[in-house]
Amino acid sequence: MTASPRLRVYLPLSMAALIAAVLLGRPELAVLATPFLVFVVVALAAGAPASEAELRLERDSVLEGETVRATVAVRNRGASARVDVRLPAVERLAIDPTPRSFWLAPGERREIQFELTAGRWGVYEIGPANVAAHDPLAAFTVERQLGDAQQLRVYAQVDRLQHLVTPRRTRPVLGSQVSRELGEGIEFADLRPLAPGDRVRSINWRATARRRAPYVNVQHPEHSADVVLFLDTFAEADLGEQGTLDAAVRAAATLAATYLARRDRVALVSLGGTLSWLAGSPGPRQLYRIIDALFSSQVRRSFRWTGVTHLPRQLVPARALVVALSPLLDDRGIAALLDLRARGHDVVVVEISPVPADTTDRSLTLRLWRLHRDAVRTRFAELGIATALWEPPYAGVESVIEEVITLRRHVREPTRV
Amino acid sequence: MVFIAGALVSGRIAPLAIAIVLLGAVYVIPGVDGALPVSIYAGALLLTAELAWWSIDERVPARVELRTRDKRLAALLAVVAGGTAAAALVQLAASTDSERSPTATTIAVAAALACLAVVALLGRARGLGGTKTNA
């Protein structure tokens, strides 16, 4: 309980005036002190304020940019009081910091609502609420943190892409991607002479008539593919509203959603101070698993040299397409990508640049740094890794994926693992 | 007035305390003829100090329900009225024609100490060892 500082003024002043009145024989001093003394006595004799509160959220999961209501229910267990309620600030979560003040009679209960807007994906802890109860004269205040903290999960906005980087190799499971292999499907591939076991309906009658021997159509089958989303969390350039890791997570969620919609098998590897992964799996459930795993993505400082050698082999299948989302700020992340390529994996890189394209900075340091990055990109290109640059403000992942598709046509194909 | 303005601007209690002392001293300086009865002046002094402190309280931005302000104003006016009435009683008791004697002085000192004891007991009952305790 906190006493108002004015009680520390009123009490000594009135007591001094009373004693002076007696000693000096000036009754006016006692008369002047009396109202102040009455104020102190009334404030001390009044019942102490006390309250209890509970905090709950309208929903425990929202999408980025959505608003969720938090309700603080306050009940007065003491004397009548003015109650101030506010929710503590949470980084990257817009909460109205203005306290709400209201009057509560003894035993009365009141619900106060706050609106929270999440600007960024992640898991946030809301509360406990700061509740301050003041007596009617505002002489005493009881301030406490009440209500259990609640978790709010904010999911990244997931867009659907029109175009995707097509894996060069597929796995023999039904999917949406036209395989390069020959078999049964819709897409015409070739003609070949009839062989025992071929179905009659696959005979190409025109070719058969022209060549005077039975020929059958051969198609490219529709297969699914293995895709590994590779998140480089060694380093991050935090640009205030949106850092490179934010952009990477958003792009990873979008890519995962689109690949999974095509019935591909998607895995997630997060390589940084700590190595974490999610084994590949198809289906909508995998999207939720990936998004949940992305929540825990954060840059953890480490000087340990974590390489892809720590990854289980079955996590990055031989036929998998590795889509790396990296700011290319840490040599260990670059080395891991080169290692994957050296193992023969099909690798593409979305380079999340921390420097805007239109920057006016012409300093020598920045120019040298850009030269270094150009060298890295050239090295990647020589090894057959298509690298597309994604610059702030990271508007739409579609355009950068299209750039990867274009660049991929000009890089050499990986040799088989 | 300068000190009250200083308290309002700075949001600190010290200038307000000085202002209360000075306004009280102005009334008791010999030769100054008070236009108001001293009990009303004392009540007005408390009201002025409380309104000044309320202004300092309200500097913290908050969405306050109108009813809350009404309740505080009512409580304040009630205390000021009660304080003024008590001051009038003290004034009445002081104006009675009685001889100044050691006995009367002793009774007055005892009454002042009793006031102090009552306040101390109430403070202890509220659990106030200092100005801030764990509630």
# chains A, B, ... in the order shown; residues from 1 in each chain; ligands from 1
>>> interface_residues(of="chain B", to="chain A", cutoff="8 Å", atoms="only C-alpha atoms", output="PDB file with N, CA and C atoms, in the first residue's frame")
ATOM      1  N   ILE B  13       5.414  17.949  -4.663  1.00  0.00           N
ATOM      2  CA  ILE B  13       4.650  18.291  -3.453  1.00  0.00           C
ATOM      3  C   ILE B  13       5.317  19.427  -2.675  1.00  0.00           C
ATOM      4  N   ALA B  17       3.630  22.381  -0.248  1.00  0.00           N
ATOM      5  CA  ALA B  17       3.791  22.444   1.212  1.00  0.00           C
ATOM      6  C   ALA B  17       4.193  23.857   1.639  1.00  0.00           C
ATOM      7  N   VAL B  21       2.114  26.525   4.091  1.00  0.00           N
ATOM      8  CA  VAL B  21       2.729  27.170   5.264  1.00  0.00           C
ATOM      9  C   VAL B  21       2.618  28.691   5.148  1.00  0.00           C
ATOM     10  N   GLY B  24      -0.971  29.924   5.525  1.00  0.00           N
ATOM     11  CA  GLY B  24      -1.364  29.842   6.940  1.00  0.00           C
ATOM     12  C   GLY B  24      -0.704  30.932   7.756  1.00  0.00           C
ATOM     13  N   VAL B  28      -1.915  34.401  10.437  1.00  0.00           N
ATOM     14  CA  VAL B  28      -1.616  34.539  11.883  1.00  0.00           C
ATOM     15  C   VAL B  28      -0.586  35.629  12.188  1.00  0.00           C
ATOM     16  N   VAL B  38     -11.473  32.419  10.757  1.00  0.00           N
ATOM     17  CA  VAL B  38     -10.311  31.554  10.595  1.00  0.00           C
ATOM     18  C   VAL B  38     -10.701  30.117  10.234  1.00  0.00           C
ATOM     19  N   SER B  39     -11.868  29.643  10.724  1.00  0.00           N
ATOM     20  CA  SER B  39     -12.274  28.262  10.414  1.00  0.00           C
ATOM     21  C   SER B  39     -12.585  28.115   8.915  1.00  0.00           C
ATOM     22  N   TYR B  41     -11.401  30.058   6.588  1.00  0.00           N
ATOM     23  CA  TYR B  41     -10.100  30.221   5.914  1.00  0.00           C
ATOM     24  C   TYR B  41      -9.332  28.888   5.912  1.00  0.00           C
ATOM     25  N   ALA B  42      -9.381  28.167   7.057  1.00  0.00           N
ATOM     26  CA  ALA B  42      -8.675  26.875   7.161  1.00  0.00           C
ATOM     27  C   ALA B  42      -9.276  25.857   6.194  1.00  0.00           C
ATOM     28  N   GLY B  43     -10.625  25.832   6.139  1.00  0.00           N
ATOM     29  CA  GLY B  43     -11.301  24.907   5.203  1.00  0.00           C
ATOM     30  C   GLY B  43     -10.934  25.226   3.763  1.00  0.00           C
ATOM     31  N   LEU B  46      -7.455  24.008   2.957  1.00  0.00           N
ATOM     32  CA  LEU B  46      -7.424  22.568   2.659  1.00  0.00           C
ATOM     33  C   LEU B  46      -7.975  22.306   1.258  1.00  0.00           C
ATOM     34  N   TRP B  53      -3.492  19.437  -5.604  1.00  0.00           N
ATOM     35  CA  TRP B  53      -2.949  18.074  -5.695  1.00  0.00           C
ATOM     36  C   TRP B  53      -3.725  17.234  -6.722  1.00  0.00           C
ATOM     37  N   PRO B  61      -2.081  10.677 -17.980  1.00  0.00           N
ATOM     38  CA  PRO B  61      -3.211  10.476 -18.888  1.00  0.00           C
ATOM     39  C   PRO B  61      -3.976   9.191 -18.554  1.00  0.00           C
ATOM     40  N   ALA B  62      -5.275   9.299 -18.513  1.00  0.00           N
ATOM     41  CA  ALA B  62      -6.125   8.131 -18.242  1.00  0.00           C
ATOM     42  C   ALA B  62      -7.523   8.416 -18.781  1.00  0.00           C
ATOM     43  N   ARG B  63      -8.215   7.349 -19.137  1.00  0.00           N
ATOM     44  CA  ARG B  63      -9.612   7.497 -19.540  1.00  0.00           C
ATOM     45  C   ARG B  63     -10.455   7.319 -18.288  1.00  0.00           C
ATOM     46  N   VAL B  64     -10.919   8.461 -17.772  1.00  0.00           N
ATOM     47  CA  VAL B  64     -11.595   8.440 -16.476  1.00  0.00           C
ATOM     48  C   VAL B  64     -13.094   8.601 -16.683  1.00  0.00           C
ATOM     49  N   GLU B  65     -13.850   7.725 -16.038  1.00  0.00           N
ATOM     50  CA  GLU B  65     -15.312   7.853 -16.067  1.00  0.00           C
ATOM     51  C   GLU B  65     -15.717   9.085 -15.263  1.00  0.00           C
ATOM     52  N   ARG B  67     -18.205   9.579 -13.375  1.00  0.00           N
ATOM     53  CA  ARG B  67     -18.677   9.205 -12.036  1.00  0.00           C
ATOM     54  C   ARG B  67     -17.519   9.172 -11.029  1.00  0.00           C
ATOM     55  N   THR B  68     -16.346   8.788 -11.528  1.00  0.00           N
ATOM     56  CA  THR B  68     -15.185   8.673 -10.648  1.00  0.00           C
ATOM     57  C   THR B  68     -14.807  10.039 -10.093  1.00  0.00           C
ATOM     58  N   LYS B  71     -17.338  11.236  -7.508  1.00  0.00           N
ATOM     59  CA  LYS B  71     -17.193  10.593  -6.193  1.00  0.00           C
ATOM     60  C   LYS B  71     -16.056  11.235  -5.400  1.00  0.00           C
ATOM     61  N   ARG B  72     -14.947  11.504  -6.111  1.00  0.00           N
ATOM     62  CA  ARG B  72     -13.805  12.105  -5.403  1.00  0.00           C
ATOM     63  C   ARG B  72     -14.162  13.518  -4.935  1.00  0.00           C
ATOM     64  N   ALA B  75     -16.401  13.295  -1.916  1.00  0.00           N
ATOM     65  CA  ALA B  75     -15.639  12.909  -0.712  1.00  0.00           C
ATOM     66  C   ALA B  75     -14.824  14.093  -0.212  1.00  0.00           C
ATOM     67  N   LEU B  76     -14.224  14.816  -1.141  1.00  0.00           N
ATOM     68  CA  LEU B  76     -13.381  15.959  -0.760  1.00  0.00           C
ATOM     69  C   LEU B  76     -14.210  17.056  -0.090  1.00  0.00           C
ATOM     70  N   VAL B  79     -15.195  16.080   3.388  1.00  0.00           N
ATOM     71  CA  VAL B  79     -14.094  16.202   4.356  1.00  0.00           C
ATOM     72  C   VAL B  79     -13.820  17.674   4.661  1.00  0.00           C
ATOM     73  N   VAL B  80     -13.861  18.513   3.624  1.00  0.00           N
ATOM     74  CA  VAL B  80     -13.620  19.955   3.838  1.00  0.00           C
ATOM     75  C   VAL B  80     -14.714  20.523   4.747  1.00  0.00           C
ATOM     76  N   GLY B  82     -16.555  18.870   6.915  1.00  0.00           N
ATOM     77  CA  GLY B  82     -16.338  18.333   8.270  1.00  0.00           C
ATOM     78  C   GLY B  82     -15.167  19.018   8.955  1.00  0.00           C
ATOM     79  N   GLY B  83     -14.092  19.229   8.208  1.00  0.00           N
ATOM     80  CA  GLY B  83     -12.910  19.892   8.751  1.00  0.00           C
ATOM     81  C   GLY B  83     -13.214  21.315   9.162  1.00  0.00           C
ATOM     82  N   THR B  84     -14.010  22.007   8.345  1.00  0.00           N
ATOM     83  CA  THR B  84     -14.377  23.389   8.662  1.00  0.00           C
ATOM     84  C   THR B  84     -15.224  23.424   9.937  1.00  0.00           C
ATOM     85  N   ALA B  86     -15.206  21.203  12.336  1.00  0.00           N
ATOM     86  CA  ALA B  86     -14.329  20.895  13.479  1.00  0.00           C
ATOM     87  C   ALA B  86     -13.478  22.109  13.840  1.00  0.00           C
ATOM     88  N   ALA B  87     -13.017  22.826  12.820  1.00  0.00           N
ATOM     89  CA  ALA B  87     -12.215  24.037  13.061  1.00  0.00           C
ATOM     90  C   ALA B  87     -13.055  25.103  13.767  1.00  0.00           C
ATOM     91  N   ALA B  88     -14.325  25.173  13.364  1.00  0.00           N
ATOM     92  CA  ALA B  88     -15.226  26.151  14.010  1.00  0.00           C
ATOM     93  C   ALA B  88     -15.400  25.801  15.487  1.00  0.00           C
ATOM     94  N   VAL B  90     -13.206  24.220  17.360  1.00  0.00           N
ATOM     95  CA  VAL B  90     -11.944  24.572  18.028  1.00  0.00           C
ATOM     96  C   VAL B  90     -11.890  26.078  18.281  1.00  0.00           C
ATOM     97  N   GLN B  91     -12.344  26.833  17.246  1.00  0.00           N
ATOM     98  CA  GLN B  91     -12.347  28.303  17.380  1.00  0.00           C
ATOM     99  C   GLN B  91     -13.273  28.744  18.519  1.00  0.00           C
ATOM    100  N   ALA B  94     -11.719  28.010  21.769  1.00  0.00           N
ATOM    101  CA  ALA B  94     -10.613  28.930  22.056  1.00  0.00           C
ATOM    102  C   ALA B  94     -11.110  30.309  22.453  1.00  0.00           C
ATOM    103  N   THR B 105      -2.889  24.783  30.039  1.00  0.00           N
ATOM    104  CA  THR B 105      -1.833  24.495  29.055  1.00  0.00           C
ATOM    105  C   THR B 105      -1.550  23.000  29.009  1.00  0.00           C
ATOM    106  N   ALA B 108      -4.248  21.269  27.181  1.00  0.00           N
ATOM    107  CA  ALA B 108      -4.129  21.516  25.728  1.00  0.00           C
ATOM    108  C   ALA B 108      -3.018  20.664  25.122  1.00  0.00           C
ATOM    109  N   VAL B 109      -1.879  20.601  25.835  1.00  0.00           N
ATOM    110  CA  VAL B 109      -0.755  19.786  25.329  1.00  0.00           C
ATOM    111  C   VAL B 109      -1.165  18.315  25.278  1.00  0.00           C
ATOM    112  N   ALA B 112      -3.310  17.740  22.299  1.00  0.00           N
ATOM    113  CA  ALA B 112      -2.499  17.684  21.061  1.00  0.00           C
ATOM    114  C   ALA B 112      -1.801  16.339  20.944  1.00  0.00           C
ATOM    115  N   LEU B 116      -2.136  13.185  18.214  1.00  0.00           N
ATOM    116  CA  LEU B 116      -0.986  12.511  17.598  1.00  0.00           C
ATOM    117  C   LEU B 116      -1.072  10.997  17.789  1.00  0.00           C
ATOM    118  N   VAL B 119      -3.726   9.474  15.541  1.00  0.00           N
ATOM    119  CA  VAL B 119      -3.227   9.360  14.155  1.00  0.00           C
ATOM    120  C   VAL B 119      -2.229   8.209  14.038  1.00  0.00           C
ATOM    121  N   LEU B 122      -4.092   4.904  14.111  1.00  0.00           N
ATOM    122  CA  LEU B 122      -4.775   4.656  12.825  1.00  0.00           C
ATOM    123  C   LEU B 122      -3.765   4.253  11.754  1.00  0.00           C
ATOM    124  N   GLY B 123      -2.622   4.926  11.779  1.00  0.00           N
ATOM    125  CA  GLY B 123      -1.564   4.596  10.803  1.00  0.00           C
ATOM    126  C   GLY B 123      -1.080   3.176  10.974  1.00  0.00           C
ATOM    127  N   ARG B 126      -3.497   0.672   9.641  1.00  0.00           N
ATOM    128  CA  ARG B 126      -3.439   0.545   8.183  1.00  0.00           C
ATOM    129  C   ARG B 126      -2.165  -0.139   7.721  1.00  0.00           C
ATOM    130  N   THR B 131       6.033   4.875   4.471  1.00  0.00           N
ATOM    131  CA  THR B 131       5.032   5.374   3.537  1.00  0.00           C
ATOM    132  C   THR B 131       4.598   4.301   2.565  1.00  0.00           C
ATOM    133  N   LYS B 132       5.414   3.220   2.458  1.00  0.00           N
ATOM    134  CA  LYS B 132       5.064   2.177   1.496  1.00  0.00           C
ATOM    135  C   LYS B 132       5.268   0.814   2.139  1.00  0.00           C
ATOM    136  N   THR B 133       4.257   0.005   2.110  1.00  0.00           N
ATOM    137  CA  THR B 133       4.371  -1.350   2.653  1.00  0.00           C
ATOM    138  C   THR B 133       3.764  -2.320   1.665  1.00  0.00           C
ATOM    139  N   ASN B 134       4.024  -3.573   1.914  1.00  0.00           N
ATOM    140  CA  ASN B 134       3.394  -4.585   1.071  1.00  0.00           C
ATOM    141  C   ASN B 134       1.966  -4.789   1.528  1.00  0.00           C
ATOM    142  N   ALA B 135       1.039  -4.554   0.627  1.00  0.00           N
ATOM    143  CA  ALA B 135      -0.370  -4.681   1.005  1.00  0.00           C
ATOM    144  C   ALA B 135      -0.774  -6.140   1.028  1.00  0.00           C
TER     145      ALA B 135
END
>>> select_by_dssp(residues="stretch 162-268 of chain A", states="strand (DSSP E or B)", output="VMD selection string")
chain A and resid 171 to 178 183 187 to 193 203 215 to 220 222 to 224 226 to 233 265 to 268
>>> select_by_dssp(residues="stretch 105-323 of chain A", states="helix (DSSP H, G or I)", output="ChimeraX atom specification")
/A:200-202,205-211,244-261,284-295,308-310,313-315
>>> residues_around(residues="A:Glu91", least_positions_apart="5", cutoff="12 Å", atoms="only C-alpha atoms", output="ChimeraX atom specification")
/A:116-126,240-241
>>> residues_around(residues="B:Pro15", least_positions_apart="5", cutoff="12 Å", atoms="only C-alpha atoms", output="count of residues only")
18
>>> residues_around(residues="stretch 178-195 of chain A", least_positions_apart="6", cutoff="9 Å", atoms="only C-alpha atoms", output="ChimeraX atom specification")
/A:168-172,203-204,207-208,213-224
>>> closest_residue(among="A:Tyr155, A:Arg199, A:Pro317, A:Phe380", to="A:Leu294", atoms="only C-alpha atoms")
A:Tyr155
>>> residues_around(residues="stretch 382-393 of chain A", least_positions_apart="6", cutoff="10 Å", atoms="only C-alpha atoms", output="ChimeraX atom specification")
/A:239,241-244,247-248,323-327,337-338,341-342,345-358,376,399-415
>>> write_last_selection(atoms="C-alpha atoms", output="PDB file, in the first residue's frame")
ATOM      1  CA  LEU A 239      15.409  -2.928 -39.501  1.00  0.00           C
ATOM      2  CA  GLU A 241       9.495  -2.729 -38.167  1.00  0.00           C
ATOM      3  CA  GLN A 242      10.687  -5.716 -40.152  1.00  0.00           C
ATOM      4  CA  GLY A 243      14.028  -7.451 -39.981  1.00  0.00           C
ATOM      5  CA  THR A 244      15.562  -9.962 -42.362  1.00  0.00           C
ATOM      6  CA  ALA A 247      10.930 -11.488 -44.031  1.00  0.00           C
ATOM      7  CA  ALA A 248      12.471 -14.984 -44.109  1.00  0.00           C
ATOM      8  CA  VAL A 323      15.065 -23.310 -50.984  1.00  0.00           C
ATOM      9  CA  ALA A 324      17.360 -21.262 -48.751  1.00  0.00           C
ATOM     10  CA  LEU A 325      16.155 -18.027 -47.185  1.00  0.00           C
ATOM     11  CA  SER A 326      19.237 -16.265 -45.939  1.00  0.00           C
ATOM     12  CA  PRO A 327      20.587 -12.749 -45.441  1.00  0.00           C
ATOM     13  CA  LEU A 337      24.728 -23.794 -48.519  1.00  0.00           C
ATOM     14  CA  LEU A 338      27.968 -24.597 -50.366  1.00  0.00           C
ATOM     15  CA  ARG A 341      25.473 -27.984 -53.145  1.00  0.00           C
ATOM     16  CA  ALA A 342      28.674 -30.024 -52.909  1.00  0.00           C
ATOM     17  CA  HIS A 345      21.473 -31.092 -53.840  1.00  0.00           C
ATOM     18  CA  ASP A 346      19.411 -28.794 -55.982  1.00  0.00           C
ATOM     19  CA  VAL A 347      19.788 -25.455 -54.145  1.00  0.00           C
ATOM     20  CA  VAL A 348      18.253 -22.038 -54.787  1.00  0.00           C
ATOM     21  CA  VAL A 349      18.818 -19.018 -52.571  1.00  0.00           C
ATOM     22  CA  VAL A 350      16.595 -16.066 -51.767  1.00  0.00           C
ATOM     23  CA  GLU A 351      19.060 -13.508 -50.468  1.00  0.00           C
ATOM     24  CA  ILE A 352      17.260 -11.246 -48.012  1.00  0.00           C
ATOM     25  CA  SER A 353      19.281  -8.092 -48.253  1.00  0.00           C
ATOM     26  CA  PRO A 354      19.335  -5.737 -45.275  1.00  0.00           C
ATOM     27  CA  VAL A 355      20.167  -2.742 -47.506  1.00  0.00           C
ATOM     28  CA  PRO A 356      17.448  -1.081 -49.587  1.00  0.00           C
ATOM     29  CA  ALA A 357      18.122  -0.782 -53.308  1.00  0.00           C
ATOM     30  CA  ASP A 358      17.645   2.983 -53.288  1.00  0.00           C
ATOM     31  CA  VAL A 376      29.507 -14.772 -52.953  1.00  0.00           C
ATOM     32  CA  SER A 399       8.450 -11.352 -57.687  1.00  0.00           C
ATOM     33  CA  VAL A 400      11.578 -12.740 -56.041  1.00  0.00           C
ATOM     34  CA  ILE A 401      10.473 -16.323 -56.702  1.00  0.00           C
ATOM     35  CA  GLU A 402       9.919 -15.438 -60.357  1.00  0.00           C
ATOM     36  CA  GLU A 403      13.441 -14.032 -60.438  1.00  0.00           C
ATOM     37  CA  VAL A 404      14.764 -17.301 -58.985  1.00  0.00           C
ATOM     38  CA  ILE A 405      12.876 -19.238 -61.693  1.00  0.00           C
ATOM     39  CA  THR A 406      14.406 -17.044 -64.405  1.00  0.00           C
ATOM     40  CA  LEU A 407      17.954 -17.270 -63.002  1.00  0.00           C
ATOM     41  CA  ARG A 408      17.635 -21.026 -62.575  1.00  0.00           C
ATOM     42  CA  ARG A 409      17.340 -21.476 -66.325  1.00  0.00           C
ATOM     43  CA  HIS A 410      20.891 -20.194 -66.724  1.00  0.00           C
ATOM     44  CA  VAL A 411      22.663 -22.178 -64.012  1.00  0.00           C
ATOM     45  CA  ARG A 412      23.949 -25.659 -64.538  1.00  0.00           C
ATOM     46  CA  GLU A 413      22.062 -28.624 -63.221  1.00  0.00           C
ATOM     47  CA  PRO A 414      23.390 -30.397 -60.160  1.00  0.00           C
ATOM     48  CA  THR A 415      24.944 -33.784 -60.563  1.00  0.00           C
TER      49      THR A 415
END
